[in-house]
Amino acid sequence: MIGAGFIYAIAGAAFALFAALSVTDRTNPKRWGNAAFYALLTVSFWAGDRIGDVGNGILVLGLVAIGGLGLMGRGARMTTTVAERQADAAARGNRLFMPALVIPATALVGTLVFWQIPAIVDPKQVTLVALTCGVLLALIVCYAWLKPQAATPFAEGTRLMDSVGWAAVLPQMLASLGAVFALAGVGEAVGQLAGLALPSGSLIGGVLVYGIGMAAFTMVMGNAFAAFPVMFAGIAMPLLIKQFHGDPAVIAAIGMLAGFCGTLMTPMAANFNLVPAALLDLKDQSAVIKAQIPTAIPLLVVNILLLYFLAFR
Amino acid sequence: MLVLLGIAVIALGFLLRFNPLLVVAASALVTGLCAGIDPIAILAAFGKAFNQSRYVSVIYIVLPVIGLLERHGLQERARDLIAAFKGATVGRLLIGYMIFRQLSAALGLNSIAGPAQTVRPLVAPMAAAAAEKQGEPTGTDRIPAMAAATDNIGLFFGEDIFIAIGSILLMKGVLEGYGIDIQPIHLSLWAIPTAIAAALIHGTRLWLLDRRLRRVP
C-alpha cells in the first residue's frame with residue numbers, strides 16, 4: 001500500500017540531496033552545519049521508525065545543538081540575476097506557471113482519485129501522497145522543458161531551504177513539546193486554573209472564559225487541538241452544557257474556531273506564522289503574526305457572540 | 001501546578017529572544033522533571049512524538065521545483081501578469097485568493113495551496129506588484145506578510161467545514177468520551193457562520209488596504 005513509507009522515502013531523498021549540495025557549497029561559511037542538519041533529517045525520514053524512541057530523541061538533540069547554537073549559515077551559490085530572470089520570464093511567458101500549477105492540480109486530482117482506491121493508497125495519507133506525486137510530476141516536466149543540469153533544481157532548493165534554516169523543524173519540535181506537556185499533565189493544571197477563574201452561575205462569564213481560554217491556551221500550546229479537550233472538560237462540559245443546557249455541537253465547533261483565532265496570534269504555531277516569514281525573506285520574523293492580529297481579535301469577539309447566541313436558543 | 005513552569009520557560013524564552021529550538025528543548029526538560037519523569041523517559045517521549053509528526057516537514061520537497069522555476073523568472077512573470085491587468089489591486093487579488101482558499105479547504109483540499117506551494121512563488125509577488133502600482137514602496141514586509149496571513153486565514157476558517165478534517169474528528173472523539181454522540185456534519189455546519197465572519201472581517205481589512213493605498217498618490 002502506498003502511504004507514509006513512500007512519502008518519507010521521497011522526503012528523505014530530498015534532504016539527502018540538500019545535505020550533499022550543502023557539503024559542496026563553498027559560498028556558505030557554515031556549510032558543514034547545514035549539511036549535518038539536513039543529513040539528520042534524512043535519517044529521521046528514512047530510519048525514524050527503526051532507531052527507537054530514545055534514538056529519535058538523540059537525533060532531536062543533534063538538531064537542537066546544530067540549529068540552536070548558530071552552526072547553520074546561508075549559501076550564496078550562483079543563481080541567475082534579476083535581469084536574466086526578467087528576460088527569461090518575458091521569453092517563456094505564462095507557460096512558466098505550468099509546472100508550478102502541476103503541483104496543486106495533481107494534488108487536487110490525486111486526492112479525489114486516491115479516495116476511491118483505499119486498497120492501493122492509504123486513506124489517511126491521500127493528500128500527502130497526491131502532493132508528493134504532484135512534486136515528482138512537476139520535477140519531470142521541469143527537467144524535460146527547462147533542461148537544467150541534473151543538480152540545479154536541488155541547488156536552488158538548497159538555497160531556499162537555507163533561508164528557512166533551523167526554523168524548518170520548529171513545527172515538529174512544538175508538536176513534540178505538546179506530547180511532553182500531555183504526559184506531564186499540563187492540560188489538567190491549566191483546566192484547574194481556568195476553573196478557578198470561572199464565575200459560577202454566570203452564563204456570559206462562562207462563555208467568555210471558554211472562548212478567551214480556548215484562544216489563550218492555544219497561543220501557549222501553538223495548537224487548538226491541545227487546548228480543546230482541556231477547555232471542554234474544564235468549562236464547556238460542567239457549566240455550559242450540564243448547567244445551562246447549551247447545544248454541544250455549537251459549543252464544540254465554535255470553541256475550536258475561537259482556538260484558531262489564537263493560532264493566528266502566536267509564534268508557537270511556527271509552521272503557519274514563522275516558517276512563512278522565513279520563506280518570504282521578511283525582515284521582521286513576526287510580520288505575519290502582526291498582519292493577522294487585526295483579523296484574529298474581532299473574529300474572536302464574533303465567535304464569543306456566536307457561542308452566546310447560537311448555543312443557548 | 002509545578003508543571004506550568006514549562007509554559008513560563010517558553011514565554012520567557014520567546015520574550016528574551018533565545019533560539020526557539022533551545023527554548024522548546026529546555027521547556028520539555030523542565031516540564032518533564034517537574035512532573036517527576038525520568039530524563040531518559042522525557043527524551044524518549046519527545047523523540048517518539050517528533051517521529052510521529054514528520055509529515056509536517058514533508059512540504060519542503062516542493063522547494064527544488066519552486067527554486068528552479070524562480071531561477072527562470074517565475075516571480076518576475078507573476079509580477080508582469082498582474083501589472084498588465086488594469087483593474088488588479090492588491091486588495092481584490094487577496095480577497096479572491098482568500099475565497100479560493102476557503103472553498104478549497106472546505107472541500108478537504110488543504111495541501112493544494114500554502115506558503116511554499118503558492119504564496120512564495122505566486123501570490124506574494126503578484127500582491128507586491130499590484131501594491132506597487134498603487135504606490136506602495138518596493139521591498140517592504142507589509143504586503144508579502146499580508147499574503148501569508150490571508151493564506152492562513154482562508155485555510156483555518158475553511159477547513160473546519162470539511163467533515164473529515166482532524167479537528168472535527170477530535171471534537172467527535174472528545175464528545176463521545178462524555179457520552180454525547182454527534183455526527184461530524186453537525187460540527188462542520190456550525191463552522192459556517194464563523195467562516196462567513198472571517199471572510200467579511202478580513203475582506204474588509206483588504207478593502208481598506210486598497211483605499212489607503214489609493215489615497216497616497
# chains A, B, ... in the order shown; residues from 1 in each chain; ligands from 1
call {"tool": "residues_around", "arguments": {"residues": "Ala252 (chain A)", "least_positions_apart": "3", "cutoff": "12 Å", "atoms": "only C-alpha atoms", "output": "PDB file with N, CA and C atoms, in the first residue's frame"}}
result
ATOM      1  N   VAL A 207     -19.189  31.684  29.042  1.00  0.00           N
ATOM      2  CA  VAL A 207     -18.901  31.763  27.603  1.00  0.00           C
ATOM      3  C   VAL A 207     -17.608  32.546  27.368  1.00  0.00           C
ATOM      4  N   TYR A 210     -14.567  30.443  28.422  1.00  0.00           N
ATOM      5  CA  TYR A 210     -14.374  29.352  27.461  1.00  0.00           C
ATOM      6  C   TYR A 210     -13.758  29.876  26.158  1.00  0.00           C
ATOM      7  N   GLY A 211     -14.341  30.934  25.595  1.00  0.00           N
ATOM      8  CA  GLY A 211     -13.855  31.460  24.312  1.00  0.00           C
ATOM      9  C   GLY A 211     -12.460  32.047  24.426  1.00  0.00           C
ATOM     10  N   MET A 214      -9.914  29.281  25.256  1.00  0.00           N
ATOM     11  CA  MET A 214      -9.510  28.497  24.087  1.00  0.00           C
ATOM     12  C   MET A 214      -8.419  29.227  23.313  1.00  0.00           C
ATOM     13  N   ALA A 224      -4.700  24.426  18.606  1.00  0.00           N
ATOM     14  CA  ALA A 224      -6.021  24.366  19.222  1.00  0.00           C
ATOM     15  C   ALA A 224      -6.401  22.936  19.626  1.00  0.00           C
ATOM     16  N   PHE A 225      -5.775  21.943  18.959  1.00  0.00           N
ATOM     17  CA  PHE A 225      -6.083  20.551  19.272  1.00  0.00           C
ATOM     18  C   PHE A 225      -5.726  20.210  20.715  1.00  0.00           C
ATOM     19  N   ALA A 227      -5.597  22.427  23.178  1.00  0.00           N
ATOM     20  CA  ALA A 227      -6.391  23.229  24.106  1.00  0.00           C
ATOM     21  C   ALA A 227      -7.817  22.693  24.235  1.00  0.00           C
ATOM     22  N   PHE A 228      -8.353  22.154  23.146  1.00  0.00           N
ATOM     23  CA  PHE A 228      -9.776  21.809  23.132  1.00  0.00           C
ATOM     24  C   PHE A 228     -10.206  20.803  24.224  1.00  0.00           C
ATOM     25  N   PRO A 229      -9.538  19.643  24.325  1.00  0.00           N
ATOM     26  CA  PRO A 229     -10.017  18.676  25.333  1.00  0.00           C
ATOM     27  C   PRO A 229      -9.990  19.250  26.744  1.00  0.00           C
ATOM     28  N   VAL A 230      -8.981  20.099  27.030  1.00  0.00           N
ATOM     29  CA  VAL A 230      -8.841  20.662  28.370  1.00  0.00           C
ATOM     30  C   VAL A 230      -9.957  21.665  28.664  1.00  0.00           C
ATOM     31  N   MET A 231     -10.156  22.603  27.748  1.00  0.00           N
ATOM     32  CA  MET A 231     -11.167  23.622  27.989  1.00  0.00           C
ATOM     33  C   MET A 231     -12.575  23.022  27.941  1.00  0.00           C
ATOM     34  N   PHE A 232     -12.741  21.995  27.116  1.00  0.00           N
ATOM     35  CA  PHE A 232     -14.054  21.359  27.044  1.00  0.00           C
ATOM     36  C   PHE A 232     -14.365  20.671  28.377  1.00  0.00           C
ATOM     37  N   ALA A 233     -13.352  19.958  28.909  1.00  0.00           N
ATOM     38  CA  ALA A 233     -13.560  19.254  30.176  1.00  0.00           C
ATOM     39  C   ALA A 233     -13.711  20.234  31.332  1.00  0.00           C
ATOM     40  N   ILE A 235     -14.594  23.636  31.354  1.00  0.00           N
ATOM     41  CA  ILE A 235     -15.634  24.665  31.368  1.00  0.00           C
ATOM     42  C   ILE A 235     -16.883  24.282  30.578  1.00  0.00           C
ATOM     43  N   ALA A 236     -16.667  23.832  29.315  1.00  0.00           N
ATOM     44  CA  ALA A 236     -17.829  23.608  28.458  1.00  0.00           C
ATOM     45  C   ALA A 236     -18.749  22.545  29.045  1.00  0.00           C
ATOM     46  N   MET A 237     -18.164  21.435  29.464  1.00  0.00           N
ATOM     47  CA  MET A 237     -18.986  20.306  29.908  1.00  0.00           C
ATOM     48  C   MET A 237     -19.718  20.613  31.221  1.00  0.00           C
ATOM     49  N   LEU A 240     -21.364  24.994  30.666  1.00  0.00           N
ATOM     50  CA  LEU A 240     -22.173  25.415  29.511  1.00  0.00           C
ATOM     51  C   LEU A 240     -23.176  24.342  29.092  1.00  0.00           C
ATOM     52  N   ILE A 241     -22.796  23.064  29.192  1.00  0.00           N
ATOM     53  CA  ILE A 241     -23.687  22.009  28.714  1.00  0.00           C
ATOM     54  C   ILE A 241     -24.570  21.470  29.835  1.00  0.00           C
ATOM     55  N   GLY A 246     -26.521  24.039  26.961  1.00  0.00           N
ATOM     56  CA  GLY A 246     -26.136  24.515  25.634  1.00  0.00           C
ATOM     57  C   GLY A 246     -26.030  23.365  24.646  1.00  0.00           C
ATOM     58  N   ASP A 247     -26.108  23.687  23.364  1.00  0.00           N
ATOM     59  CA  ASP A 247     -26.009  22.686  22.301  1.00  0.00           C
ATOM     60  C   ASP A 247     -24.543  22.256  22.149  1.00  0.00           C
ATOM     61  N   PRO A 248     -24.215  20.974  22.442  1.00  0.00           N
ATOM     62  CA  PRO A 248     -22.807  20.546  22.416  1.00  0.00           C
ATOM     63  C   PRO A 248     -22.135  20.748  21.057  1.00  0.00           C
ATOM     64  N   ALA A 249     -22.881  20.556  19.955  1.00  0.00           N
ATOM     65  CA  ALA A 249     -22.266  20.696  18.628  1.00  0.00           C
ATOM     66  C   ALA A 249     -21.791  22.129  18.414  1.00  0.00           C
ATOM     67  N   GLY A 255     -16.097  26.744  19.674  1.00  0.00           N
ATOM     68  CA  GLY A 255     -14.973  26.814  20.614  1.00  0.00           C
ATOM     69  C   GLY A 255     -13.657  26.514  19.916  1.00  0.00           C
ATOM     70  N   MET A 256     -13.657  25.502  19.066  1.00  0.00           N
ATOM     71  CA  MET A 256     -12.455  25.161  18.313  1.00  0.00           C
ATOM     72  C   MET A 256     -12.019  26.340  17.435  1.00  0.00           C
ATOM     73  N   LEU A 257     -13.002  27.002  16.804  1.00  0.00           N
ATOM     74  CA  LEU A 257     -12.667  28.128  15.924  1.00  0.00           C
ATOM     75  C   LEU A 257     -12.163  29.334  16.725  1.00  0.00           C
ATOM     76  N   ALA A 258     -12.631  29.480  17.968  1.00  0.00           N
ATOM     77  CA  ALA A 258     -12.065  30.518  18.844  1.00  0.00           C
ATOM     78  C   ALA A 258     -10.592  30.194  19.093  1.00  0.00           C
ATOM     79  N   GLY A 259     -10.298  28.897  19.227  1.00  0.00           N
ATOM     80  CA  GLY A 259      -8.905  28.481  19.372  1.00  0.00           C
ATOM     81  C   GLY A 259      -8.074  28.847  18.146  1.00  0.00           C
ATOM     82  N   ASN A 303     -16.825  35.089  17.483  1.00  0.00           N
ATOM     83  CA  ASN A 303     -17.016  33.699  17.909  1.00  0.00           C
ATOM     84  C   ASN A 303     -17.677  33.627  19.280  1.00  0.00           C
ATOM     85  N   LEU A 307     -21.245  31.950  19.989  1.00  0.00           N
ATOM     86  CA  LEU A 307     -21.431  30.939  21.033  1.00  0.00           C
ATOM     87  C   LEU A 307     -22.627  31.313  21.901  1.00  0.00           C
ATOM     88  N   LEU A 310     -26.010  31.335  19.590  1.00  0.00           N
ATOM     89  CA  LEU A 310     -26.428  30.133  18.858  1.00  0.00           C
ATOM     90  C   LEU A 310     -26.546  28.894  19.745  1.00  0.00           C
ATOM     91  N   ALA A 311     -25.743  28.821  20.806  1.00  0.00           N
ATOM     92  CA  ALA A 311     -25.722  27.588  21.596  1.00  0.00           C
ATOM     93  C   ALA A 311     -26.840  27.547  22.632  1.00  0.00           C
TER      94      ALA A 311
ATOM     95  N   ASP B 160     -12.575  23.655   8.594  1.00  0.00           N
ATOM     96  CA  ASP B 160     -13.483  23.011   9.547  1.00  0.00           C
ATOM     97  C   ASP B 160     -14.864  22.721   8.961  1.00  0.00           C
ATOM     98  N   SER B 167      -9.592  18.218  13.113  1.00  0.00           N
ATOM     99  CA  SER B 167     -10.205  18.882  14.264  1.00  0.00           C
ATOM    100  C   SER B 167     -11.634  18.394  14.481  1.00  0.00           C
ATOM    101  N   ILE B 168     -12.359  18.105  13.402  1.00  0.00           N
ATOM    102  CA  ILE B 168     -13.729  17.598  13.526  1.00  0.00           C
ATOM    103  C   ILE B 168     -13.715  16.218  14.179  1.00  0.00           C
ATOM    104  N   LEU B 169     -12.765  15.380  13.735  1.00  0.00           N
ATOM    105  CA  LEU B 169     -12.683  14.037  14.295  1.00  0.00           C
ATOM    106  C   LEU B 169     -12.291  14.088  15.768  1.00  0.00           C
ATOM    107  N   LEU B 170     -11.407  15.041  16.119  1.00  0.00           N
ATOM    108  CA  LEU B 170     -11.009  15.205  17.517  1.00  0.00           C
ATOM    109  C   LEU B 170     -12.216  15.587  18.374  1.00  0.00           C
ATOM    110  N   MET B 171     -13.006  16.558  17.880  1.00  0.00           N
ATOM    111  CA  MET B 171     -14.182  17.005  18.639  1.00  0.00           C
ATOM    112  C   MET B 171     -15.163  15.849  18.827  1.00  0.00           C
ATOM    113  N   LYS B 172     -15.380  15.101  17.750  1.00  0.00           N
ATOM    114  CA  LYS B 172     -16.306  13.969  17.834  1.00  0.00           C
ATOM    115  C   LYS B 172     -15.824  12.981  18.904  1.00  0.00           C
ATOM    116  N   GLY B 173     -14.501  12.724  18.899  1.00  0.00           N
ATOM    117  CA  GLY B 173     -13.936  11.789  19.871  1.00  0.00           C
ATOM    118  C   GLY B 173     -14.096  12.280  21.296  1.00  0.00           C
ATOM    119  N   VAL B 174     -13.811  13.558  21.535  1.00  0.00           N
ATOM    120  CA  VAL B 174     -13.919  14.117  22.889  1.00  0.00           C
ATOM    121  C   VAL B 174     -15.372  14.059  23.364  1.00  0.00           C
ATOM    122  N   LEU B 175     -16.301  14.447  22.472  1.00  0.00           N
ATOM    123  CA  LEU B 175     -17.716  14.434  22.854  1.00  0.00           C
ATOM    124  C   LEU B 175     -18.181  13.011  23.163  1.00  0.00           C
ATOM    125  N   GLU B 176     -17.709  12.046  22.379  1.00  0.00           N
ATOM    126  CA  GLU B 176     -18.078  10.651  22.633  1.00  0.00           C
ATOM    127  C   GLU B 176     -17.634  10.209  24.020  1.00  0.00           C
ATOM    128  N   ILE B 180     -21.762  11.872  24.471  1.00  0.00           N
ATOM    129  CA  ILE B 180     -22.558  12.686  23.549  1.00  0.00           C
ATOM    130  C   ILE B 180     -22.230  12.249  22.132  1.00  0.00           C
ATOM    131  N   ILE B 182     -22.442  12.844  18.301  1.00  0.00           N
ATOM    132  CA  ILE B 182     -22.761  13.888  17.336  1.00  0.00           C
ATOM    133  C   ILE B 182     -22.166  13.525  15.991  1.00  0.00           C
ATOM    134  N   PRO B 184     -20.408  14.176  12.468  1.00  0.00           N
ATOM    135  CA  PRO B 184     -19.472  15.208  12.021  1.00  0.00           C
ATOM    136  C   PRO B 184     -20.149  16.324  11.219  1.00  0.00           C
ATOM    137  N   HIS B 186     -22.861  17.871  11.720  1.00  0.00           N
ATOM    138  CA  HIS B 186     -23.380  18.948  12.572  1.00  0.00           C
ATOM    139  C   HIS B 186     -22.263  19.874  13.008  1.00  0.00           C
ATOM    140  N   LEU B 187     -21.101  19.271  13.344  1.00  0.00           N
ATOM    141  CA  LEU B 187     -19.961  20.097  13.748  1.00  0.00           C
ATOM    142  C   LEU B 187     -19.507  20.968  12.592  1.00  0.00           C
ATOM    143  N   SER B 188     -19.484  20.379  11.384  1.00  0.00           N
ATOM    144  CA  SER B 188     -18.958  21.166  10.265  1.00  0.00           C
ATOM    145  C   SER B 188     -19.945  22.242   9.835  1.00  0.00           C
ATOM    146  N   LEU B 189     -21.255  22.003   9.971  1.00  0.00           N
ATOM    147  CA  LEU B 189     -22.224  23.050   9.625  1.00  0.00           C
ATOM    148  C   LEU B 189     -22.080  24.266  10.534  1.00  0.00           C
ATOM    149  N   TRP B 190     -21.776  24.029  11.819  1.00  0.00           N
ATOM    150  CA  TRP B 190     -21.632  25.148  12.756  1.00  0.00           C
ATOM    151  C   TRP B 190     -20.324  25.898  12.564  1.00  0.00           C
ATOM    152  N   ALA B 191     -19.479  25.430  11.637  1.00  0.00           N
ATOM    153  CA  ALA B 191     -18.272  26.191  11.306  1.00  0.00           C
ATOM    154  C   ALA B 191     -18.577  27.262  10.261  1.00  0.00           C
TER     155      ALA B 191
END
call {"tool": "select_by_dssp", "arguments": {"residues": "region 77-151 of chain B", "states": "alpha helix (DSSP H)", "output": "ChimeraX atom specification"}}
result
/B:77-84,90-106,124-133,142-151
call {"tool": "write_last_selection", "arguments": {"atoms": "C-alpha atoms", "output": "short mmCIF file (atom, residue, chain, number, x, y, z; two decimals), in the first residue's frame"}}
result
data_model
loop_
_atom_site.label_atom_id
_atom_site.label_comp_id
_atom_site.auth_asym_id
_atom_site.auth_seq_id
_atom_site.Cartn_x
_atom_site.Cartn_y
_atom_site.Cartn_z
CA ARG B 77 6.38 36.56 -14.63
CA ALA B 78 3.84 36.59 -11.79
CA ARG B 79 4.55 40.30 -11.29
CA ASP B 80 4.31 41.10 -15.03
CA LEU B 81 1.00 39.28 -15.31
CA ILE B 82 -0.60 41.33 -12.53
CA ALA B 83 0.99 44.56 -13.75
CA ALA B 84 -0.70 44.01 -17.13
CA VAL B 90 -3.73 44.05 -4.00
CA GLY B 91 -6.99 44.00 -2.05
CA ARG B 92 -9.05 42.43 -4.85
CA LEU B 93 -6.32 39.88 -5.59
CA LEU B 94 -6.05 38.76 -1.96
CA ILE B 95 -9.83 38.70 -1.44
CA GLY B 96 -10.09 36.40 -4.46
CA TYR B 97 -7.29 34.20 -3.13
CA MET B 98 -8.87 34.03 0.33
CA ILE B 99 -12.20 32.87 -1.10
CA PHE B 100 -10.43 30.27 -3.27
CA ARG B 101 -8.53 29.04 -0.21
CA GLN B 102 -11.65 28.87 1.98
CA LEU B 103 -13.68 26.99 -0.63
CA SER B 104 -10.92 24.52 -1.50
CA ALA B 105 -10.19 23.87 2.20
CA ALA B 106 -13.92 23.33 2.80
CA ALA B 124 3.24 37.27 -2.74
CA PRO B 125 4.95 38.59 -5.92
CA MET B 126 1.56 39.24 -7.53
CA ALA B 127 0.34 41.11 -4.46
CA ALA B 128 3.58 43.11 -4.29
CA ALA B 129 3.33 44.04 -7.99
CA ALA B 130 -0.28 45.16 -7.59
CA ALA B 131 0.52 47.18 -4.46
CA GLU B 132 3.46 48.88 -6.14
CA LYS B 133 1.15 50.07 -8.91
CA ARG B 142 3.81 44.52 4.76
CA ILE B 143 2.38 43.12 1.51
CA PRO B 144 4.04 39.66 1.49
CA ALA B 145 3.16 39.30 5.19
CA MET B 146 -0.47 40.11 4.33
CA ALA B 147 -0.37 37.49 1.56
CA ALA B 148 0.84 34.82 4.03
CA ALA B 149 -1.76 35.97 6.60
CA THR B 150 -4.54 35.72 4.01
CA ASP B 151 -3.45 32.17 3.17
#
call {"tool": "closest_atom_pairs", "arguments": {"of": "region 60-169 of chain A", "to": "region 29-50 of chain A", "cutoff": "7 Å", "atoms": "only C-alpha atoms", "output": "tab-separated table"}}
result
residue	atom	partner	partner_atom	distance
A:Leu63	CA	A:Phe37	CA	6.0
A:Ile66	CA	A:Gly33	CA	6.3
A:Leu71	CA	A:Gly33	CA	5.1
A:Met72	CA	A:Gly33	CA	4.9
A:Gly73	CA	A:Lys30	CA	5.1
call {"tool": "write_last_selection", "arguments": {"atoms": "C-alpha atoms", "output": "PDB file, in the first residue's frame"}}
result
ATOM      1  CA  LEU A  63      19.207  19.070  15.525  1.00  0.00           C
ATOM      2  CA  ILE A  66      23.224  22.474  15.365  1.00  0.00           C
ATOM      3  CA  LEU A  71      26.068  26.449  13.394  1.00  0.00           C
ATOM      4  CA  MET A  72      23.982  26.965  10.239  1.00  0.00           C
ATOM      5  CA  GLY A  73      24.502  29.600   7.552  1.00  0.00           C
TER       6      GLY A  73
END
call {"tool": "closest_residue", "arguments": {"among": "B:Ile153, B:Leu200, B:Val123, B:Ala44", "to": "chain A", "atoms": "only C-alpha atoms"}}
result
B:Ala44
call {"tool": "residues_around", "arguments": {"residues": "Gly234 (chain A)", "least_positions_apart": "5", "cutoff": "9 Å", "atoms": "only C-alpha atoms", "output": "PyMOL selection string"}}
result
chain A and resi 188+190-192+194-195+210+229+239
call {"tool": "write_last_selection", "arguments": {"atoms": "C-alpha atoms", "output": "compact mmCIF listing (two decimals), in the first residue's frame"}}
result
# COMPACT_ATOMS: atom_id res chain seq x y z
CA GLU A 188 -5.20 19.32 33.73
CA VAL A 190 -4.46 24.71 33.17
CA GLY A 191 -8.01 23.34 33.38
CA GLN A 192 -7.91 23.73 37.17
CA ALA A 194 -9.48 28.09 34.32
CA GLY A 195 -11.94 26.52 36.76
CA TYR A 210 -14.37 29.35 27.46
CA PRO A 229 -10.02 18.68 25.33
CA LEU A 239 -21.02 24.69 33.07
call {"tool": "residues_around", "arguments": {"residues": "Ile61 (chain B)", "least_positions_apart": "5", "cutoff": "12 Å", "atoms": "only C-alpha atoms", "output": "ChimeraX atom specification"}}
result
/A:7-18,103,128,131-136,138-139,153-154,156-158,160-161 /B:55-56,66-67,116-117
call {"tool": "closest_residue", "arguments": {"among": "B:Glu159, B:Asp210, B:Asp181, B:Glu76", "to": "chain A", "atoms": "only C-alpha atoms"}}
result
B:Glu76
call {"tool": "decode", "arguments": {"residues": "region 129-204 of chain B", "atoms": "C-alpha atoms", "output": "PDB file, in the first residue's frame"}}
result
ATOM      1  CA  ALA B 129       3.332  44.044  -7.986  1.00  0.00           C
ATOM      2  CA  ALA B 130      -0.281  45.164  -7.594  1.00  0.00           C
ATOM      3  CA  ALA B 131       0.521  47.180  -4.456  1.00  0.00           C
ATOM      4  CA  GLU B 132       3.465  48.882  -6.138  1.00  0.00           C
ATOM      5  CA  LYS B 133       1.147  50.075  -8.914  1.00  0.00           C
ATOM      6  CA  GLN B 134      -0.962  51.588  -6.131  1.00  0.00           C
ATOM      7  CA  GLY B 135       2.008  53.450  -4.660  1.00  0.00           C
ATOM      8  CA  GLU B 136       3.396  51.003  -2.067  1.00  0.00           C
ATOM      9  CA  PRO B 137       7.214  51.289  -1.848  1.00  0.00           C
ATOM     10  CA  THR B 138       9.140  48.182  -3.009  1.00  0.00           C
ATOM     11  CA  GLY B 139      10.732  45.690  -0.660  1.00  0.00           C
ATOM     12  CA  THR B 140       8.588  46.192   2.450  1.00  0.00           C
ATOM     13  CA  ASP B 141       7.395  43.312   4.636  1.00  0.00           C
ATOM     14  CA  ARG B 142       3.813  44.520   4.756  1.00  0.00           C
ATOM     15  CA  ILE B 143       2.380  43.122   1.513  1.00  0.00           C
ATOM     16  CA  PRO B 144       4.044  39.664   1.488  1.00  0.00           C
ATOM     17  CA  ALA B 145       3.155  39.299   5.193  1.00  0.00           C
ATOM     18  CA  MET B 146      -0.467  40.113   4.332  1.00  0.00           C
ATOM     19  CA  ALA B 147      -0.367  37.490   1.557  1.00  0.00           C
ATOM     20  CA  ALA B 148       0.836  34.824   4.031  1.00  0.00           C
ATOM     21  CA  ALA B 149      -1.761  35.968   6.599  1.00  0.00           C
ATOM     22  CA  THR B 150      -4.539  35.718   4.008  1.00  0.00           C
ATOM     23  CA  ASP B 151      -3.446  32.172   3.166  1.00  0.00           C
ATOM     24  CA  ASN B 152      -3.643  31.145   6.846  1.00  0.00           C
ATOM     25  CA  ILE B 153      -6.993  32.822   7.451  1.00  0.00           C
ATOM     26  CA  GLY B 154      -8.547  31.260   4.354  1.00  0.00           C
ATOM     27  CA  LEU B 155      -7.265  27.830   5.388  1.00  0.00           C
ATOM     28  CA  PHE B 156      -8.235  27.973   9.081  1.00  0.00           C
ATOM     29  CA  PHE B 157     -11.763  29.211   8.520  1.00  0.00           C
ATOM     30  CA  GLY B 158     -12.478  26.936   5.588  1.00  0.00           C
ATOM     31  CA  GLU B 159     -11.059  23.583   6.668  1.00  0.00           C
ATOM     32  CA  ASP B 160     -13.483  23.011   9.547  1.00  0.00           C
ATOM     33  CA  ILE B 161     -16.369  22.876   7.085  1.00  0.00           C
ATOM     34  CA  PHE B 162     -14.896  19.636   5.706  1.00  0.00           C
ATOM     35  CA  ILE B 163     -16.258  16.705   7.694  1.00  0.00           C
ATOM     36  CA  ALA B 164     -13.157  14.508   7.649  1.00  0.00           C
ATOM     37  CA  ILE B 165     -10.604  17.050   8.882  1.00  0.00           C
ATOM     38  CA  GLY B 166      -8.594  16.268  12.038  1.00  0.00           C
ATOM     39  CA  SER B 167     -10.205  18.882  14.264  1.00  0.00           C
ATOM     40  CA  ILE B 168     -13.729  17.598  13.526  1.00  0.00           C
ATOM     41  CA  LEU B 169     -12.683  14.037  14.295  1.00  0.00           C
ATOM     42  CA  LEU B 170     -11.009  15.205  17.517  1.00  0.00           C
ATOM     43  CA  MET B 171     -14.182  17.005  18.639  1.00  0.00           C
ATOM     44  CA  LYS B 172     -16.306  13.969  17.834  1.00  0.00           C
ATOM     45  CA  GLY B 173     -13.936  11.789  19.871  1.00  0.00           C
ATOM     46  CA  VAL B 174     -13.919  14.117  22.889  1.00  0.00           C
ATOM     47  CA  LEU B 175     -17.716  14.434  22.854  1.00  0.00           C
ATOM     48  CA  GLU B 176     -18.078  10.651  22.633  1.00  0.00           C
ATOM     49  CA  GLY B 177     -15.953  10.407  25.778  1.00  0.00           C
ATOM     50  CA  TYR B 178     -18.794  12.208  27.578  1.00  0.00           C
ATOM     51  CA  GLY B 179     -21.453  10.011  26.027  1.00  0.00           C
ATOM     52  CA  ILE B 180     -22.558  12.686  23.549  1.00  0.00           C
ATOM     53  CA  ASP B 181     -22.970  11.251  20.063  1.00  0.00           C
ATOM     54  CA  ILE B 182     -22.761  13.888  17.336  1.00  0.00           C
ATOM     55  CA  GLN B 183     -22.457  13.398  13.596  1.00  0.00           C
ATOM     56  CA  PRO B 184     -19.472  15.208  12.021  1.00  0.00           C
ATOM     57  CA  ILE B 185     -21.836  17.010   9.633  1.00  0.00           C
ATOM     58  CA  HIS B 186     -23.380  18.948  12.572  1.00  0.00           C
ATOM     59  CA  LEU B 187     -19.961  20.097  13.748  1.00  0.00           C
ATOM     60  CA  SER B 188     -18.958  21.166  10.265  1.00  0.00           C
ATOM     61  CA  LEU B 189     -22.224  23.050   9.625  1.00  0.00           C
ATOM     62  CA  TRP B 190     -21.632  25.148  12.756  1.00  0.00           C
ATOM     63  CA  ALA B 191     -18.272  26.191  11.306  1.00  0.00           C
ATOM     64  CA  ILE B 192     -20.040  28.094   8.522  1.00  0.00           C
ATOM     65  CA  PRO B 193     -21.100  31.236  10.485  1.00  0.00           C
ATOM     66  CA  THR B 194     -17.501  31.813  11.606  1.00  0.00           C
ATOM     67  CA  ALA B 195     -16.232  31.144   8.055  1.00  0.00           C
ATOM     68  CA  ILE B 196     -18.517  33.891   6.752  1.00  0.00           C
ATOM     69  CA  ALA B 197     -17.475  36.262   9.564  1.00  0.00           C
ATOM     70  CA  ALA B 198     -13.789  35.597   8.809  1.00  0.00           C
ATOM     71  CA  ALA B 199     -14.315  36.378   5.111  1.00  0.00           C
ATOM     72  CA  LEU B 200     -16.162  39.609   5.976  1.00  0.00           C
ATOM     73  CA  ILE B 201     -13.651  40.828   8.577  1.00  0.00           C
ATOM     74  CA  HIS B 202     -10.511  40.017   6.612  1.00  0.00           C
ATOM     75  CA  GLY B 203     -12.132  41.102   3.336  1.00  0.00           C
ATOM     76  CA  THR B 204     -12.942  44.478   4.901  1.00  0.00           C
TER      77      THR B 204
END
